[in-house]
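Visitor: Have a look at this one.
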Amino acid sequence: MNLHEYQARELLQRYGISFPPAEVAATPDEARAIAQRLGKGGAGRVVVKAQVHAGGRGKAGGVTLANSPAEAAEHAARILGLTIRGLAVRKVLVAAAVDIASESYLGVIVDRAAQRPVLMVSPAGGVDIEEVAARSPEQIHRLGVDPRYGLLAHQAIALGFRLYRDVTQVRAAADVMQRLYAAFYGVGASLAEINPLATTPAGRLVALDAKIVIDDSELGRRPEIAALRDLSTEAPAEERARAAGLSFIKLNGSVGCCVNGAGLAMATMDLVKLYGGAPANFLDIGGSSNPEKVVAALEIITGDAAVKAILFNIFGGITRCDDVANGIVQATTQLSLKVPLVIRLTGTNEAEAVEILTRAGFSALTDMDEAVQRAVALAAGRP
Ligand code: GDP
Ligand code: MN
């Protein structure tokens with residue numbers, strides 16, 4: 001789950017990382033009022049920042065400095081009309097602006113190969129870290145963190161020296177790193193990033209941008225974090241799937257897949273690829289699927305215009321094949337299917353399922369290879 005910058009700032013602030021004062025606005029008037037309030041305490045300059053789940057907002061014109069409240073309102077009006085990487089900007093953050101002398105990068109991600117969090121720092125901050133990694137990888141310094149001990153002070157200090165020469169700055173950066181790591185671990189993030197960590201002309205370190213991605217599997221035990229989800233930014237299909245209790249990920253192919261169990265869903269997608277097709281989605285209807293779940297799944301799959309054939313692949317264990325069959329019959333009477341359906345089921349109550357489907361005019365296969373090959377052929381327009 002992606003968080004907005006203003007939400008990531010709030011979380012990092014709870015861990016003791018400080019950011020320039022800022023507030024969120026949804027209209028130019030609100031932006032003006034915030035700029036006025038912030039201006040009273042400081043120099044009066046603010047930065048107006050698009051709040052969308054996309055990096056590189058600066059380059060896309062979504063981050064602009066404003067010299068007065070009137071200018072802040074103008075920039076807000078323009079940014080609130082922007083679409084950045086396909087995402088409409090609905091809110092802006094208005095933050096007190098800081099003079100920048102240099103920019104560094106700090107980030108923590110999960111390194112699956114190393115099986116631990118990795119802290120990455122670079123003195124070449126501000127720009128996308130992917131760009132730095134491609135152009136000058138020697139500018140990125142990495143440290144695997146043992147989650148039993150967390151990021152230790154001496155490790156953070158050593159990394160700090162990769163960024164700054166001044167000992168006071170090194171210490172300050174190390175402190176931010178330890179807090180960033182603690183936040184990453186504490187909120188169940190898969191990524192936590194500060195870019196840039198700026199130095200001011202006076203030499204002070206200030207965090208100016210924050211990004212946090214929460215690991216979806218951590219949300220169940222962190223309701224206060226789950227509540228930060230911004231539904232307005234999510235693909236409607238994924239939102240519907242979540243509400244129906246389905247694991248769904250949209251992909252770019254033409255074979256709609258409806259499978260029970262994540263492992264079988266992965267295997268099904270592999271087979272679709274093997275036989276020359278491309279899956280339109282990953283969809284796991286779960287273990288104890290009731291007919292309503294199947295109806296919801298079919299609605300979601302058929303809502304995707306790219307889907308040219310639908311493949312059901314059900315291995316009945318706890319999931320009962322007859323439940324799925326009833327769901328298919330129910331769904332196909334409610335929705336008028338415009339694409340062919342290939343059904344493969346085997347396992348618990350298979351015989352009942354075949355009977356239900358046959359009565360409704362469907363045929364069911366039991367062989368997985370045969371079913372996948374047929375779905376791939378149908379999706380490609382071959383009979
Ligand atoms: P991103 O492009 O989505 O990563 O958005 P950022 O918040 O990182 O802003 C992009 C760039 O705008 C930063 O790297 C800075 O160079 C600049 N910027 C952001 N905030 C300020 C500020 O307060 N003062 C100044 N001078 N520049 C800023
Ligand atoms: Mn940034």
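By order in the structure tokens, chains are A, B, ...; within a chain, residues start at 1; ligands start at 1, following the order shown.
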Name the residues, by chain letter and number, that sit within 6 Å of ligand 2 using only C-alpha atoms and all ligand atoms, and give them as a list in words.
Guide: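 Here is the list of contacting residues: Gly126, Asn195, Pro196 and Asp209 of chain A.
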Visitor: Take the selection from the previous step and output its residues with C-alpha atoms, as a PDB file, in the first residue's frame.
Guide:
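Below is the file that was written, part06.pdb:
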ATOM      1  CA  GLY A 126      17.300  14.711  -5.054  1.00  0.00           C
ATOM      2  CA  ASN A 195      14.945  12.041  -0.738  1.00  0.00           C
ATOM      3  CA  PRO A 196      16.242  14.643  -0.463  1.00  0.00           C
ATOM      4  CA  ASP A 209      10.472  14.511   1.021  1.00  0.00           C
TER       5      ASP A 209
END
Visitor: Counting only C-alpha atoms and all ligand atoms, what are the residues, protein, DNA or RNA alike, that approach ligand 1 to within 6 Å? I want them as a ChimeraX atom specification.
Guide: /A:47,55-59,63,97-100,126,195-196,208-209
Visitor: Restricted to N, CA, C and O atoms, what would the selected residues look like written as a short mmCIF file (atom, residue, chain, number, x, y, z; two decimals), in the first residue's frame?
Guide:
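Writing done, so here's again-v3.cif:
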data_model
loop_
_atom_site.label_atom_id
_atom_site.label_comp_id
_atom_site.auth_asym_id
_atom_site.auth_seq_id
_atom_site.Cartn_x
_atom_site.Cartn_y
_atom_site.Cartn_z
N VAL A 47 6.71 25.70 -0.61
CA VAL A 47 6.78 24.82 -1.76
C VAL A 47 5.43 24.09 -1.82
O VAL A 47 4.91 23.66 -0.80
N GLY A 55 6.58 8.81 -8.13
CA GLY A 55 7.84 9.49 -7.89
C GLY A 55 8.06 10.51 -9.00
O GLY A 55 7.26 10.64 -9.92
N GLY A 56 9.13 11.26 -8.89
CA GLY A 56 9.48 12.21 -9.94
C GLY A 56 8.45 13.30 -10.13
O GLY A 56 8.26 13.81 -11.24
N ARG A 57 7.80 13.69 -9.04
CA ARG A 57 6.79 14.75 -9.17
C ARG A 57 7.43 16.06 -9.57
O ARG A 57 6.85 16.86 -10.29
N GLY A 58 8.65 16.27 -9.05
CA GLY A 58 9.36 17.50 -9.36
C GLY A 58 9.50 17.69 -10.86
O GLY A 58 9.14 18.74 -11.40
N LYS A 59 9.99 16.64 -11.54
CA LYS A 59 10.20 16.71 -12.98
C LYS A 59 8.90 16.89 -13.74
O LYS A 59 8.87 17.48 -14.81
N VAL A 63 6.05 19.92 -8.20
CA VAL A 63 6.67 20.54 -7.01
C VAL A 63 7.15 21.92 -7.43
O VAL A 63 8.01 22.04 -8.30
N ALA A 97 9.32 26.54 2.68
CA ALA A 97 10.45 26.21 1.81
C ALA A 97 11.76 26.38 2.55
O ALA A 97 11.87 27.17 3.49
N VAL A 98 12.73 25.61 2.11
CA VAL A 98 14.06 25.61 2.73
C VAL A 98 15.07 25.92 1.63
O VAL A 98 14.92 25.48 0.50
N ASP A 99 16.12 26.68 1.95
CA ASP A 99 17.21 26.88 0.99
C ASP A 99 18.12 25.66 1.01
O ASP A 99 18.50 25.19 2.07
N ILE A 100 18.43 25.17 -0.19
CA ILE A 100 19.17 23.91 -0.28
C ILE A 100 20.61 24.14 -0.74
O ILE A 100 20.84 24.79 -1.75
N GLY A 126 18.16 13.80 -4.30
CA GLY A 126 17.30 14.71 -5.05
C GLY A 126 16.70 14.03 -6.26
O GLY A 126 15.49 13.96 -6.40
N ASN A 195 14.19 11.58 0.44
CA ASN A 195 14.94 12.04 -0.74
C ASN A 195 14.34 13.33 -1.28
O ASN A 195 13.31 13.29 -1.91
N PRO A 196 14.92 14.46 -1.05
CA PRO A 196 16.24 14.64 -0.46
C PRO A 196 16.24 14.81 1.05
O PRO A 196 15.29 15.31 1.63
N LEU A 208 13.22 16.71 3.33
CA LEU A 208 12.26 17.49 2.54
C LEU A 208 11.22 16.64 1.84
O LEU A 208 10.22 17.15 1.36
N ASP A 209 11.45 15.36 1.71
CA ASP A 209 10.47 14.51 1.02
C ASP A 209 10.50 13.14 1.67
O ASP A 209 11.56 12.67 2.08
#
Visitor: Fewer than 5 positions away in the same chain doesn't count, so skip those; otherwise give me all residues within 6 Å of Val46 in chain A, counting only C-alpha atoms, as a ChimeraX atom specification.
Guide: /A:65-66,95-97
Visitor: When distances are computed from only C-alpha atoms, which of A:Val272, A:Leu180, A:Ala364, A:Ala26 shows the smallest separation from Leu197 in chain A?
Guide: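 Between A:Val272, A:Leu180, A:Ala364, A:Ala26, the residue approaching Leu197 in chain A most closely is A:Leu180.
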Visitor: List the neighbours of Val24 in chain A out to 12 Å using only C-alpha atoms; skip same-chain residues closer than 2 positions along the sequence, and give me the result as a PDB file with N, CA, C and O atoms, in the first residue's frame.
Guide:
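So out.pdb came out as:
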ATOM      1  N   HIS A   4       0.735   8.665   0.879  1.00  0.00           N
ATOM      2  CA  HIS A   4       1.079   9.982   0.346  1.00  0.00           C
ATOM      3  C   HIS A   4       2.251  10.554   1.140  1.00  0.00           C
ATOM      4  O   HIS A   4       2.490  10.159   2.280  1.00  0.00           O
ATOM      5  N   GLU A   5       2.900  11.525   0.523  1.00  0.00           N
ATOM      6  CA  GLU A   5       4.026  12.165   1.199  1.00  0.00           C
ATOM      7  C   GLU A   5       3.610  12.723   2.568  1.00  0.00           C
ATOM      8  O   GLU A   5       4.333  12.545   3.558  1.00  0.00           O
ATOM      9  N   TYR A   6       2.455  13.375   2.627  1.00  0.00           N
ATOM     10  CA  TYR A   6       2.078  13.999   3.904  1.00  0.00           C
ATOM     11  C   TYR A   6       1.840  12.941   4.983  1.00  0.00           C
ATOM     12  O   TYR A   6       2.133  13.168   6.155  1.00  0.00           O
ATOM     13  N   GLN A   7       1.367  11.749   4.563  1.00  0.00           N
ATOM     14  CA  GLN A   7       1.166  10.673   5.539  1.00  0.00           C
ATOM     15  C   GLN A   7       2.507  10.097   5.977  1.00  0.00           C
ATOM     16  O   GLN A   7       2.719   9.804   7.158  1.00  0.00           O
ATOM     17  N   ARG A   9       5.321  11.687   6.018  1.00  0.00           N
ATOM     18  CA  ARG A   9       5.940  12.669   6.920  1.00  0.00           C
ATOM     19  C   ARG A   9       5.411  12.510   8.333  1.00  0.00           C
ATOM     20  O   ARG A   9       6.174  12.532   9.304  1.00  0.00           O
ATOM     21  N   GLU A  10       4.077  12.378   8.446  1.00  0.00           N
ATOM     22  CA  GLU A  10       3.479  12.246   9.773  1.00  0.00           C
ATOM     23  C   GLU A  10       4.045  11.036  10.508  1.00  0.00           C
ATOM     24  O   GLU A  10       4.384  11.126  11.689  1.00  0.00           O
ATOM     25  N   PRO A  21       7.471  22.719   8.604  1.00  0.00           N
ATOM     26  CA  PRO A  21       6.027  22.711   8.835  1.00  0.00           C
ATOM     27  C   PRO A  21       5.263  22.701   7.514  1.00  0.00           C
ATOM     28  O   PRO A  21       5.687  23.342   6.545  1.00  0.00           O
ATOM     29  N   ALA A  22       4.146  21.965   7.477  1.00  0.00           N
ATOM     30  CA  ALA A  22       3.395  21.811   6.227  1.00  0.00           C
ATOM     31  C   ALA A  22       1.954  21.416   6.525  1.00  0.00           C
ATOM     32  O   ALA A  22       1.679  20.843   7.577  1.00  0.00           O
ATOM     33  N   ALA A  26      -6.775  21.129  -0.516  1.00  0.00           N
ATOM     34  CA  ALA A  26      -7.493  20.531  -1.649  1.00  0.00           C
ATOM     35  C   ALA A  26      -7.973  21.604  -2.621  1.00  0.00           C
ATOM     36  O   ALA A  26      -8.490  21.288  -3.690  1.00  0.00           O
ATOM     37  N   THR A  27      -7.806  22.869  -2.247  1.00  0.00           N
ATOM     38  CA  THR A  27      -8.220  23.971  -3.132  1.00  0.00           C
ATOM     39  C   THR A  27      -7.139  25.059  -3.109  1.00  0.00           C
ATOM     40  O   THR A  27      -6.366  25.152  -2.144  1.00  0.00           O
ATOM     41  N   PRO A  28      -7.116  25.908  -4.139  1.00  0.00           N
ATOM     42  CA  PRO A  28      -6.146  27.020  -4.144  1.00  0.00           C
ATOM     43  C   PRO A  28      -6.333  27.948  -2.941  1.00  0.00           C
ATOM     44  O   PRO A  28      -5.340  28.431  -2.378  1.00  0.00           O
ATOM     45  N   ASP A  29      -7.579  28.190  -2.527  1.00  0.00           N
ATOM     46  CA  ASP A  29      -7.820  29.062  -1.374  1.00  0.00           C
ATOM     47  C   ASP A  29      -7.200  28.496  -0.104  1.00  0.00           C
ATOM     48  O   ASP A  29      -6.597  29.234   0.689  1.00  0.00           O
ATOM     49  N   GLU A  30      -7.363  27.181   0.059  1.00  0.00           N
ATOM     50  CA  GLU A  30      -6.748  26.548   1.230  1.00  0.00           C
ATOM     51  C   GLU A  30      -5.234  26.692   1.164  1.00  0.00           C
ATOM     52  O   GLU A  30      -4.582  26.945   2.178  1.00  0.00           O
ATOM     53  N   ALA A  31      -4.676  26.537  -0.023  1.00  0.00           N
ATOM     54  CA  ALA A  31      -3.223  26.645  -0.180  1.00  0.00           C
ATOM     55  C   ALA A  31      -2.766  28.053   0.197  1.00  0.00           C
ATOM     56  O   ALA A  31      -1.745  28.229   0.868  1.00  0.00           O
ATOM     57  N   ARG A  32      -3.540  29.048  -0.222  1.00  0.00           N
ATOM     58  CA  ARG A  32      -3.191  30.433   0.107  1.00  0.00           C
ATOM     59  C   ARG A  32      -3.193  30.644   1.617  1.00  0.00           C
ATOM     60  O   ARG A  32      -2.247  31.209   2.180  1.00  0.00           O
ATOM     61  N   ALA A  33      -4.253  30.131   2.273  1.00  0.00           N
ATOM     62  CA  ALA A  33      -4.377  30.309   3.726  1.00  0.00           C
ATOM     63  C   ALA A  33      -3.207  29.636   4.453  1.00  0.00           C
ATOM     64  O   ALA A  33      -2.658  30.192   5.412  1.00  0.00           O
ATOM     65  N   ILE A  34      -2.838  28.460   3.993  1.00  0.00           N
ATOM     66  CA  ILE A  34      -1.720  27.749   4.636  1.00  0.00           C
ATOM     67  C   ILE A  34      -0.425  28.542   4.449  1.00  0.00           C
ATOM     68  O   ILE A  34       0.354  28.724   5.381  1.00  0.00           O
ATOM     69  N   ALA A  35      -0.217  29.029   3.224  1.00  0.00           N
ATOM     70  CA  ALA A  35       0.995  29.802   2.955  1.00  0.00           C
ATOM     71  C   ALA A  35       1.049  31.036   3.848  1.00  0.00           C
ATOM     72  O   ALA A  35       2.126  31.416   4.327  1.00  0.00           O
ATOM     73  N   VAL A  47       6.713  25.702  -0.610  1.00  0.00           N
ATOM     74  CA  VAL A  47       6.779  24.821  -1.757  1.00  0.00           C
ATOM     75  C   VAL A  47       5.434  24.093  -1.819  1.00  0.00           C
ATOM     76  O   VAL A  47       4.910  23.656  -0.797  1.00  0.00           O
ATOM     77  N   VAL A  48       4.857  24.071  -3.044  1.00  0.00           N
ATOM     78  CA  VAL A  48       3.556  23.439  -3.242  1.00  0.00           C
ATOM     79  C   VAL A  48       3.802  22.104  -3.932  1.00  0.00           C
ATOM     80  O   VAL A  48       4.442  22.055  -4.993  1.00  0.00           O
ATOM     81  N   LYS A  49       3.328  21.015  -3.329  1.00  0.00           N
ATOM     82  CA  LYS A  49       3.711  19.683  -3.799  1.00  0.00           C
ATOM     83  C   LYS A  49       2.502  18.782  -4.047  1.00  0.00           C
ATOM     84  O   LYS A  49       1.682  18.578  -3.156  1.00  0.00           O
ATOM     85  N   ALA A  50       2.431  18.243  -5.250  1.00  0.00           N
ATOM     86  CA  ALA A  50       1.355  17.314  -5.610  1.00  0.00           C
ATOM     87  C   ALA A  50       1.410  16.096  -4.698  1.00  0.00           C
ATOM     88  O   ALA A  50       2.484  15.551  -4.458  1.00  0.00           O
ATOM     89  N   GLN A  51       0.249  15.659  -4.197  1.00  0.00           N
ATOM     90  CA  GLN A  51       0.199  14.447  -3.392  1.00  0.00           C
ATOM     91  C   GLN A  51      -0.394  13.322  -4.239  1.00  0.00           C
ATOM     92  O   GLN A  51      -1.617  13.161  -4.315  1.00  0.00           O
ATOM     93  N   ALA A  76      -1.053  26.051  -6.751  1.00  0.00           N
ATOM     94  CA  ALA A  76      -1.984  24.998  -6.317  1.00  0.00           C
ATOM     95  C   ALA A  76      -3.051  24.788  -7.391  1.00  0.00           C
ATOM     96  O   ALA A  76      -3.401  23.649  -7.708  1.00  0.00           O
ATOM     97  N   LEU A  80      -3.290  21.171  -8.965  1.00  0.00           N
ATOM     98  CA  LEU A  80      -4.515  20.408  -8.697  1.00  0.00           C
ATOM     99  C   LEU A  80      -5.213  19.985  -9.990  1.00  0.00           C
ATOM    100  O   LEU A  80      -6.110  19.166  -9.978  1.00  0.00           O
ATOM    101  N   ARG A  90      -5.284  15.361  -6.431  1.00  0.00           N
ATOM    102  CA  ARG A  90      -6.462  15.852  -5.714  1.00  0.00           C
ATOM    103  C   ARG A  90      -6.098  16.685  -4.495  1.00  0.00           C
ATOM    104  O   ARG A  90      -6.924  17.401  -3.941  1.00  0.00           O
ATOM    105  N   LYS A  91      -4.854  16.552  -4.039  1.00  0.00           N
ATOM    106  CA  LYS A  91      -4.412  17.322  -2.871  1.00  0.00           C
ATOM    107  C   LYS A  91      -2.990  17.818  -3.099  1.00  0.00           C
ATOM    108  O   LYS A  91      -2.215  17.155  -3.804  1.00  0.00           O
ATOM    109  N   VAL A  92      -2.679  18.938  -2.498  1.00  0.00           N
ATOM    110  CA  VAL A  92      -1.295  19.396  -2.503  1.00  0.00           C
ATOM    111  C   VAL A  92      -0.842  19.582  -1.061  1.00  0.00           C
ATOM    112  O   VAL A  92      -1.659  19.816  -0.171  1.00  0.00           O
ATOM    113  N   LEU A  93       0.462  19.444  -0.862  1.00  0.00           N
ATOM    114  CA  LEU A  93       1.043  19.753   0.438  1.00  0.00           C
ATOM    115  C   LEU A  93       1.694  21.116   0.284  1.00  0.00           C
ATOM    116  O   LEU A  93       2.439  21.347  -0.674  1.00  0.00           O
ATOM    117  N   VAL A  94       1.385  22.013   1.197  1.00  0.00           N
ATOM    118  CA  VAL A  94       2.046  23.318   1.185  1.00  0.00           C
ATOM    119  C   VAL A  94       3.010  23.325   2.368  1.00  0.00           C
ATOM    120  O   VAL A  94       2.585  23.194   3.523  1.00  0.00           O
ATOM    121  N   ALA A  95       4.306  23.424   2.059  1.00  0.00           N
ATOM    122  CA  ALA A  95       5.327  23.311   3.098  1.00  0.00           C
ATOM    123  C   ALA A  95       6.198  24.550   3.103  1.00  0.00           C
ATOM    124  O   ALA A  95       6.457  25.143   2.052  1.00  0.00           O
TER     125      ALA A  95
END
Visitor: Report as a ChimeraX atom specification all protein, DNA and RNA residues lying within 12 Å of range 367-381 of chain A, evaluated on only C-alpha atoms, omitting residues in the same chain fewer than 2 positions from it.
Guide: /A:253-259,264-265,267-280,306-315,338-347,363-365,383
Visitor: Skipping near chain neighbours, those fewer than 2 positions away, what residues fall within 6 Å of Gly261 in chain A using only C-alpha atoms, listed as a ChimeraX atom specification?
Guide: /A:263-264,284,286
Visitor: With C-alpha atoms retained, export the selected residues as a PDB file, in the first residue's frame.
Guide:
ATOM      1  CA  GLY A 263       0.168 -21.270  -5.572  1.00  0.00           C
ATOM      2  CA  LEU A 264      -2.235 -22.699  -8.110  1.00  0.00           C
ATOM      3  CA  ASP A 284      -7.127 -15.992  -5.970  1.00  0.00           C
ATOM      4  CA  GLY A 286      -9.372 -18.086  -1.637  1.00  0.00           C
TER       5      GLY A 286
END
Visitor: What is the distance, in Å and to one decimal place, between CA of Ala101 in chain A and CA of Ile129 in chain A?
Guide: 18.8 Å
Visitor: Which is closer to Gly144 in chain A than all the others in A:Gly245, A:Gly107, A:Gly44, A:Pro117, using only C-alpha atoms?
Guide: A:Pro117
Visitor: May I have all residues of range 278-377 of chain A that DSSP, computed from the backbone, assigns to alpha helix (DSSP H), given as an NGL selection string?
Guide: :A and (291-302 or 321-334 or 350-359 or 368-377)
Visitor: Please compute the CA of Phe19 in chain A-CA of Gln169 in chain A distance, one decimal, in Å.
Guide: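 Separation of CA of Phe19 in chain A and CA of Gln169 in chain A: 16.2 Å.
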Visitor: In range 101-287 of chain A, what's strand (DSSP E or B) per DSSP? Answer as JSON, numbers by chain?
Guide: {"A": [102, 103, 104, 105, 106, 107, 108, 109, 110, 111, 116, 117, 118, 119, 120, 121, 122, 141, 142, 143, 144, 189, 190, 191, 192, 193, 194, 195, 196, 197, 198, 199, 205, 206, 207, 210, 211, 212, 213, 214, 247, 248, 249, 250, 255, 256, 257, 258, 259, 279, 281, 282, 283, 284]}
Visitor: Export, as a short mmCIF file (atom, residue, chain, number, x, y, z; two decimals), in the first residue's frame, the selected residues with N, CA and C atoms.
Guide:
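Saved as out_34.cif:
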data_model
loop_
_atom_site.label_atom_id
_atom_site.label_comp_id
_atom_site.auth_asym_id
_atom_site.auth_seq_id
_atom_site.Cartn_x
_atom_site.Cartn_y
_atom_site.Cartn_z
N SER A 102 22.86 21.20 -0.54
CA SER A 102 23.15 19.90 -1.14
C SER A 102 22.04 18.92 -0.77
N GLU A 103 21.95 17.81 -1.53
CA GLU A 103 20.88 16.84 -1.32
C GLU A 103 21.45 15.42 -1.25
N SER A 104 21.06 14.69 -0.21
CA SER A 104 21.43 13.27 -0.13
C SER A 104 20.18 12.40 -0.18
N TYR A 105 20.43 11.11 -0.29
CA TYR A 105 19.36 10.13 -0.35
C TYR A 105 19.52 9.14 0.80
N LEU A 106 18.40 8.81 1.47
CA LEU A 106 18.39 7.75 2.48
C LEU A 106 17.20 6.85 2.18
N GLY A 107 17.40 5.55 2.17
CA GLY A 107 16.27 4.65 1.94
C GLY A 107 16.48 3.30 2.60
N VAL A 108 15.38 2.69 3.02
CA VAL A 108 15.43 1.32 3.53
C VAL A 108 14.46 0.50 2.70
N ILE A 109 14.93 -0.64 2.18
CA ILE A 109 14.05 -1.55 1.46
C ILE A 109 14.26 -2.96 2.01
N VAL A 110 13.36 -3.86 1.59
CA VAL A 110 13.58 -5.26 1.94
C VAL A 110 14.38 -5.88 0.80
N ASP A 111 15.52 -6.46 1.14
CA ASP A 111 16.32 -7.16 0.13
C ASP A 111 15.99 -8.64 0.25
N ARG A 116 16.86 -9.56 4.45
CA ARG A 116 16.86 -8.58 5.54
C ARG A 116 16.67 -7.19 4.96
N PRO A 117 16.38 -6.23 5.83
CA PRO A 117 16.29 -4.86 5.33
C PRO A 117 17.67 -4.36 4.93
N VAL A 118 17.69 -3.53 3.93
CA VAL A 118 18.95 -2.93 3.49
C VAL A 118 18.80 -1.41 3.51
N LEU A 119 19.76 -0.76 4.16
CA LEU A 119 19.78 0.70 4.17
C LEU A 119 20.65 1.15 3.01
N MET A 120 20.13 2.05 2.21
CA MET A 120 20.91 2.59 1.08
C MET A 120 21.05 4.09 1.28
N VAL A 121 22.25 4.59 1.11
CA VAL A 121 22.45 6.04 1.20
C VAL A 121 23.28 6.50 0.01
N SER A 122 23.06 7.75 -0.37
CA SER A 122 23.85 8.30 -1.47
C SER A 122 24.00 9.80 -1.30
N HIS A 141 25.68 3.58 -1.36
CA HIS A 141 26.30 2.75 -0.33
C HIS A 141 25.22 1.96 0.38
N ARG A 142 25.45 0.67 0.53
CA ARG A 142 24.43 -0.23 1.08
C ARG A 142 24.91 -0.89 2.35
N LEU A 143 23.94 -1.15 3.24
CA LEU A 143 24.25 -1.92 4.44
C LEU A 143 23.06 -2.80 4.79
N GLY A 144 23.29 -4.12 4.84
CA GLY A 144 22.25 -5.05 5.30
C GLY A 144 22.10 -4.91 6.80
N ALA A 189 6.83 -1.41 6.85
CA ALA A 189 7.05 -0.91 5.49
C ALA A 189 7.84 -1.91 4.65
N SER A 190 7.67 -1.84 3.34
CA SER A 190 8.59 -2.55 2.45
C SER A 190 9.57 -1.55 1.86
N LEU A 191 9.28 -0.27 2.01
CA LEU A 191 10.20 0.78 1.58
C LEU A 191 9.95 2.04 2.42
N ALA A 192 11.02 2.68 2.86
CA ALA A 192 10.90 3.97 3.54
C ALA A 192 12.08 4.82 3.06
N GLU A 193 11.76 6.01 2.59
CA GLU A 193 12.77 6.79 1.87
C GLU A 193 12.69 8.27 2.24
N ILE A 194 13.84 8.89 2.37
CA ILE A 194 13.89 10.35 2.49
C ILE A 194 14.78 10.84 1.34
N ASN A 195 14.19 11.58 0.44
CA ASN A 195 14.94 12.04 -0.74
C ASN A 195 14.34 13.33 -1.28
N PRO A 196 14.92 14.46 -1.05
CA PRO A 196 16.24 14.64 -0.46
C PRO A 196 16.24 14.81 1.05
N LEU A 197 17.38 14.39 1.63
CA LEU A 197 17.77 14.89 2.94
C LEU A 197 18.69 16.05 2.58
N ALA A 198 18.20 17.28 2.78
CA ALA A 198 18.93 18.45 2.28
C ALA A 198 19.84 19.02 3.37
N THR A 199 20.91 19.70 2.95
CA THR A 199 21.63 20.56 3.88
C THR A 199 21.31 21.99 3.50
N LEU A 205 20.82 19.87 8.59
CA LEU A 205 20.19 18.82 7.79
C LEU A 205 18.67 18.89 7.93
N VAL A 206 17.96 18.85 6.81
CA VAL A 206 16.49 18.86 6.84
C VAL A 206 15.95 17.82 5.86
N ALA A 207 15.00 17.03 6.32
CA ALA A 207 14.32 16.09 5.42
C ALA A 207 13.25 16.86 4.66
N ALA A 210 9.34 12.51 1.77
CA ALA A 210 9.25 11.20 2.41
C ALA A 210 8.40 10.28 1.57
N LYS A 211 8.82 9.04 1.49
CA LYS A 211 8.02 8.05 0.79
C LYS A 211 8.01 6.76 1.60
N ILE A 212 6.81 6.22 1.81
CA ILE A 212 6.69 4.95 2.53
C ILE A 212 5.73 4.05 1.76
N VAL A 213 6.14 2.82 1.55
CA VAL A 213 5.24 1.80 1.01
C VAL A 213 5.06 0.76 2.10
N ILE A 214 3.80 0.46 2.44
CA ILE A 214 3.53 -0.51 3.49
C ILE A 214 3.37 -1.89 2.86
N SER A 247 -7.89 -11.85 -3.64
CA SER A 247 -6.57 -11.28 -3.97
C SER A 247 -6.52 -11.11 -5.48
N PHE A 248 -6.40 -9.90 -5.92
CA PHE A 248 -6.48 -9.62 -7.35
C PHE A 248 -5.39 -8.64 -7.75
N ILE A 249 -4.69 -8.96 -8.82
CA ILE A 249 -3.72 -8.03 -9.38
C ILE A 249 -3.93 -7.98 -10.88
N LYS A 250 -4.15 -6.81 -11.39
CA LYS A 250 -4.38 -6.66 -12.83
C LYS A 250 -3.06 -6.80 -13.58
N VAL A 255 -5.94 -13.47 -21.10
CA VAL A 255 -6.60 -14.63 -20.51
C VAL A 255 -6.96 -14.30 -19.05
N GLY A 256 -8.25 -14.13 -18.79
CA GLY A 256 -8.70 -13.87 -17.43
C GLY A 256 -8.59 -15.14 -16.63
N CYS A 257 -7.96 -15.08 -15.46
CA CYS A 257 -7.75 -16.29 -14.67
C CYS A 257 -8.51 -16.20 -13.35
N CYS A 258 -9.23 -17.27 -13.03
CA CYS A 258 -9.95 -17.31 -11.76
C CYS A 258 -9.58 -18.62 -11.09
N VAL A 259 -8.81 -18.55 -10.02
CA VAL A 259 -8.17 -19.73 -9.46
C VAL A 259 -8.33 -19.72 -7.94
N PRO A 279 -1.54 -13.87 -19.14
CA PRO A 279 -2.63 -13.71 -18.17
C PRO A 279 -3.07 -12.25 -18.04
N ASN A 281 -4.72 -11.26 -15.42
CA ASN A 281 -4.76 -10.94 -14.00
C ASN A 281 -4.26 -12.12 -13.19
N PHE A 282 -3.93 -11.81 -11.95
CA PHE A 282 -3.76 -12.83 -10.91
C PHE A 282 -5.03 -12.72 -10.09
N LEU A 283 -5.71 -13.83 -9.87
CA LEU A 283 -6.88 -13.76 -9.00
C LEU A 283 -7.01 -15.04 -8.20
N ASP A 284 -6.98 -14.87 -6.89
CA ASP A 284 -7.13 -15.99 -5.97
C ASP A 284 -8.45 -15.81 -5.25
#
Visitor: My list of candidates is A:Glu224, A:Glu352, A:Asp216, A:Asp323. Which is closest to Asn2 in chain A when distances are computed with only C-alpha atoms?
Guide: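 The closest residue to Asn2 in chain A is A:Asp216.
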Visitor: For CA of Pro69 in chain A and CA of Lys40 in chain A, quote the distance in Å rounded to one decimal.
Guide: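 The value is 11.0 Å.
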Visitor: Considering only C-alpha atoms, can you say which of A:Ser232, A:Val187, A:Ile285, A:Ile301 comes closest to Ser217 in chain A?
Guide: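 Closest to Ser217 in chain A, using only C-alpha atoms: A:Val187.
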